[in-house]
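*Asks:* Below you will find the structure I want to go over with you.
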Amino acid sequence: MNQRNYQKELEEILKRHREERVVPKLLLHSCCAPCSSYVIEYLSSYFEITVFYYNPNLYPDEEYEKRVKEQMRFVETFPAKYPVEFLRGDFEKERFYETVKGLEQETEGGERCFACYKLRLSEAAKTAKRLGMDYFTTTLSISPLKNAVKLNEIGETLAGEYGIAYLPSDFKKKNGYQRSVELSKKYEMYRQDYCGCIFSYRSRQKLRDAQ
């Protein structure tokens, strides 16, 4: 059983950087503006952040456009201590479907989702390395429905493959998820009611129909 406290590990890293008076560069993969809100609020006091929006899993196309515009709006609006920039990744839908081929019948939160995590984090790691960042990480762990242990395992494996440090995290800790809800209301964000892919969309539709 994994006993690591990712939040504590993160706090130790932040403390070290503050003591050394350095402001590292972080590539933050973001799944959506609401989830990124608390993470940006928290980490922009310690890092220069590039918010990397790479989510080829999103369905339908209009949903992708709606979410990416909301992400851009929040980055432009939020009064961060250190610079926060936005980088839009390619919307590679076919790459997502190829990645999860054979996993279509998996339940939400299972192997299909893990493959999706790896796809998005791989692109984040590669981009962070190309841009000369000090770290990369993702907002995904803020969701109570996402597996933080698996996300960190994937991130750390990719860190070794690409030669770029992964910032350990479990952003739902310290009431992170609740704070993201508060910030979403404050900034009047569009807040979706399904994760993003066609499979989560169908699951949500079934639940609505049942209700």
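Residue numbering restarts at 1 in every chain; chains get A, B, ... in the order shown in the structure tokens, and ligands count up from 1 in that same order.
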Which residues are near Val23 in chain A? Cut-off 7 Å, only C-alpha atoms, ignore same chain within fewer than 4 positions. Put them as a PyMOL selection string.
*Replies:* chain A and resi 17+46-48
*Asks:* Would you mind listing what lies within 10 Å of range 149-153 of chain A as an NGL selection string, with only C-alpha atoms counted and same-chain residues fewer than 3 positions away left out?
*Replies:* :A and (2-6 or 114 or 117-118 or 121 or 137-138 or 140-141 or 146 or 156-159 or 166-170)
*Asks:* Write out as a list in words all residues of range 67-205 of chain A that DSSP puts in strand (DSSP E) for this structure's backbone.
*Replies:*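 Those in range 67-205 of chain A that DSSP calls strand (DSSP E) are Val84, Glu85, Phe86, Leu87, Arg88, Tyr135, Phe136, Thr137, Thr138, Ala165 and Tyr166 of chain A.
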*Asks:* With all heavy atoms retained, write the just-selected residues as an mmCIF file, in the first residue's frame.
*Replies:*
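Generated file (out.cif):
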```cif
data_model
loop_
_atom_site.group_PDB
_atom_site.id
_atom_site.type_symbol
_atom_site.label_atom_id
_atom_site.label_comp_id
_atom_site.auth_asym_id
_atom_site.auth_seq_id
_atom_site.Cartn_x
_atom_site.Cartn_y
_atom_site.Cartn_z
ATOM 1 N N VAL A 84 2.262 34.030 -15.087
ATOM 2 C CA VAL A 84 1.546 32.828 -15.515
ATOM 3 C C VAL A 84 1.211 33.008 -16.988
ATOM 4 O O VAL A 84 0.524 33.951 -17.367
ATOM 5 C CB VAL A 84 0.249 32.595 -14.710
ATOM 6 C CG1 VAL A 84 -0.475 31.347 -15.213
ATOM 7 C CG2 VAL A 84 0.556 32.448 -13.224
ATOM 8 N N GLU A 85 1.717 32.112 -17.814
ATOM 9 C CA GLU A 85 1.475 32.168 -19.248
ATOM 10 C C GLU A 85 0.621 30.979 -19.678
ATOM 11 O O GLU A 85 0.471 30.007 -18.938
ATOM 12 C CB GLU A 85 2.811 32.185 -20.006
ATOM 13 C CG GLU A 85 3.676 33.389 -19.679
ATOM 14 C CD GLU A 85 4.978 33.394 -20.449
ATOM 15 O OE1 GLU A 85 5.280 32.381 -21.126
ATOM 16 O OE2 GLU A 85 5.706 34.400 -20.369
ATOM 17 N N PHE A 86 0.094 31.070 -20.882
ATOM 18 C CA PHE A 86 -0.780 30.021 -21.408
ATOM 19 C C PHE A 86 -0.192 29.450 -22.691
ATOM 20 O O PHE A 86 0.256 30.195 -23.560
ATOM 21 C CB PHE A 86 -2.174 30.579 -21.688
ATOM 22 C CG PHE A 86 -3.104 29.572 -22.313
ATOM 23 C CD1 PHE A 86 -3.735 28.624 -21.527
ATOM 24 C CD2 PHE A 86 -3.328 29.565 -23.673
ATOM 25 C CE1 PHE A 86 -4.580 27.681 -22.099
ATOM 26 C CE2 PHE A 86 -4.177 28.632 -24.259
ATOM 27 C CZ PHE A 86 -4.806 27.690 -23.465
ATOM 28 N N LEU A 87 -0.209 28.124 -22.781
ATOM 29 C CA LEU A 87 0.257 27.438 -23.990
ATOM 30 C C LEU A 87 -0.786 26.413 -24.400
ATOM 31 O O LEU A 87 -1.102 25.499 -23.631
ATOM 32 C CB LEU A 87 1.599 26.753 -23.728
ATOM 33 C CG LEU A 87 2.182 25.932 -24.878
ATOM 34 C CD1 LEU A 87 2.466 26.817 -26.088
ATOM 35 C CD2 LEU A 87 3.453 25.219 -24.426
ATOM 36 N N ARG A 88 -1.297 26.586 -25.586
ATOM 37 C CA ARG A 88 -2.333 25.670 -26.087
ATOM 38 C C ARG A 88 -1.689 24.529 -26.867
ATOM 39 O O ARG A 88 -0.971 24.739 -27.836
ATOM 40 C CB ARG A 88 -3.302 26.433 -26.987
ATOM 41 C CG ARG A 88 -4.429 25.597 -27.565
ATOM 42 C CD ARG A 88 -5.430 26.496 -28.261
ATOM 43 N NE ARG A 88 -6.533 25.760 -28.838
ATOM 44 C CZ ARG A 88 -7.662 26.306 -29.268
ATOM 45 N NH1 ARG A 88 -7.827 27.625 -29.171
ATOM 46 N NH2 ARG A 88 -8.631 25.574 -29.774
ATOM 47 N N TYR A 135 10.327 21.968 -13.785
ATOM 48 C CA TYR A 135 9.391 20.938 -13.341
ATOM 49 C C TYR A 135 8.197 20.860 -14.301
ATOM 50 O O TYR A 135 7.901 21.814 -15.021
ATOM 51 C CB TYR A 135 8.796 21.267 -11.965
ATOM 52 C CG TYR A 135 9.732 21.275 -10.800
ATOM 53 C CD1 TYR A 135 10.368 22.458 -10.416
ATOM 54 C CD2 TYR A 135 9.961 20.127 -10.039
ATOM 55 C CE1 TYR A 135 11.214 22.489 -9.313
ATOM 56 C CE2 TYR A 135 10.801 20.146 -8.932
ATOM 57 C CZ TYR A 135 11.419 21.333 -8.570
ATOM 58 O OH TYR A 135 12.257 21.367 -7.490
ATOM 59 N N PHE A 136 7.508 19.722 -14.211
ATOM 60 C CA PHE A 136 6.172 19.636 -14.799
ATOM 61 C C PHE A 136 5.276 18.920 -13.800
ATOM 62 O O PHE A 136 5.728 18.153 -12.958
ATOM 63 C CB PHE A 136 6.185 18.916 -16.156
ATOM 64 C CG PHE A 136 6.297 17.415 -16.076
ATOM 65 C CD1 PHE A 136 5.187 16.589 -16.240
ATOM 66 C CD2 PHE A 136 7.542 16.801 -15.837
ATOM 67 C CE1 PHE A 136 5.293 15.206 -16.167
ATOM 68 C CE2 PHE A 136 7.659 15.417 -15.764
ATOM 69 C CZ PHE A 136 6.542 14.622 -15.939
ATOM 70 N N THR A 137 3.975 19.200 -13.880
ATOM 71 C CA THR A 137 2.981 18.489 -13.081
ATOM 72 C C THR A 137 1.616 18.701 -13.722
ATOM 73 O O THR A 137 1.519 19.304 -14.786
ATOM 74 C CB THR A 137 3.002 18.954 -11.596
ATOM 75 O OG1 THR A 137 2.285 18.001 -10.800
ATOM 76 C CG2 THR A 137 2.382 20.336 -11.412
ATOM 77 N N THR A 138 0.560 18.226 -13.076
ATOM 78 C CA THR A 138 -0.791 18.338 -13.629
ATOM 79 C C THR A 138 -1.796 18.727 -12.554
ATOM 80 O O THR A 138 -1.608 18.411 -11.374
ATOM 81 C CB THR A 138 -1.229 17.002 -14.275
ATOM 82 O OG1 THR A 138 -2.574 17.122 -14.773
ATOM 83 C CG2 THR A 138 -1.171 15.850 -13.284
ATOM 84 N N ALA A 165 12.206 17.106 -14.042
ATOM 85 C CA ALA A 165 11.658 16.793 -12.718
ATOM 86 C C ALA A 165 10.132 16.888 -12.691
ATOM 87 O O ALA A 165 9.547 17.807 -13.266
ATOM 88 C CB ALA A 165 12.259 17.732 -11.673
ATOM 89 N N TYR A 166 9.522 15.936 -12.006
ATOM 90 C CA TYR A 166 8.074 15.950 -11.792
ATOM 91 C C TYR A 166 7.786 16.502 -10.403
ATOM 92 O O TYR A 166 8.419 16.093 -9.423
ATOM 93 C CB TYR A 166 7.497 14.540 -11.919
ATOM 94 C CG TYR A 166 6.005 14.482 -11.682
ATOM 95 C CD1 TYR A 166 5.125 14.904 -12.662
ATOM 96 C CD2 TYR A 166 5.483 14.035 -10.468
ATOM 97 C CE1 TYR A 166 3.754 14.875 -12.450
ATOM 98 C CE2 TYR A 166 4.121 13.999 -10.250
ATOM 99 C CZ TYR A 166 3.261 14.421 -11.242
ATOM 100 O OH TYR A 166 1.912 14.401 -11.028
#
```
*Asks:* Mind dumping a table of every range 30-60 of chain A residue within 12 Å of range 186-199 of chain A, with the nearest atom pair and its distance in Å to one decimal, using only C-alpha atoms, sorted by chain and rising number, as CSV?
*Replies:*
```
residue,atom,partner,partner_atom,distance
A:Cys31,CA,A:Gly196,CA,8.8
A:Cys32,CA,A:Arg191,CA,8.7
A:Ala33,CA,A:Met189,CA,7.6
A:Pro34,CA,A:Arg191,CA,6.4
A:Cys35,CA,A:Arg191,CA,9.2
A:Ser36,CA,A:Met189,CA,11.4
A:Ser37,CA,A:Tyr187,CA,9.4
A:Tyr38,CA,A:Lys186,CA,11.8
A:Asn55,CA,A:Gly196,CA,8.6
A:Pro56,CA,A:Cys197,CA,8.6
A:Asn57,CA,A:Cys197,CA,5.0
A:Leu58,CA,A:Gly196,CA,4.7
A:Tyr59,CA,A:Cys197,CA,5.1
A:Pro60,CA,A:Ile198,CA,7.4
```
*Asks:* Identify all residues of range 53-157 of chain A in helix (DSSP H, G or I) (DSSP on the backbone) and supply them as JSON, numbers by chain.
*Replies:* {"A": [61, 62, 63, 64, 65, 66, 67, 68, 69, 70, 71, 72, 73, 74, 75, 76, 77, 93, 94, 95, 96, 97, 98, 99, 111, 112, 113, 114, 115, 116, 117, 118, 119, 120, 121, 122, 123, 124, 125, 126, 127, 128, 129, 130, 131, 139, 140, 141, 142, 148, 149, 150, 151, 152, 153, 154, 155, 156, 157]}
*Asks:* What separation in Å, quoted to one decimal, exists between CA of Val68 in chain A and CA of His29 in chain A?
*Replies:*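 Result for CA of Val68 in chain A versus CA of His29 in chain A: 12.4 Å, one decimal.
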*Asks:* Just to confirm, what's the straight-line distance from CA of Ser184 in chain A to CA of Glu63 in chain A in Å (one decimal)?
*Replies:* 17.4 Å
*Asks:* With distances taken over only C-alpha atoms, which of A:Thr50, A:Ser122, A:Ser45, A:Ser200 is nearest to Lys15 in chain A?
*Replies:*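 Residue with the minimum atom-to-atom distance to Lys15 in chain A: A:Ser45.
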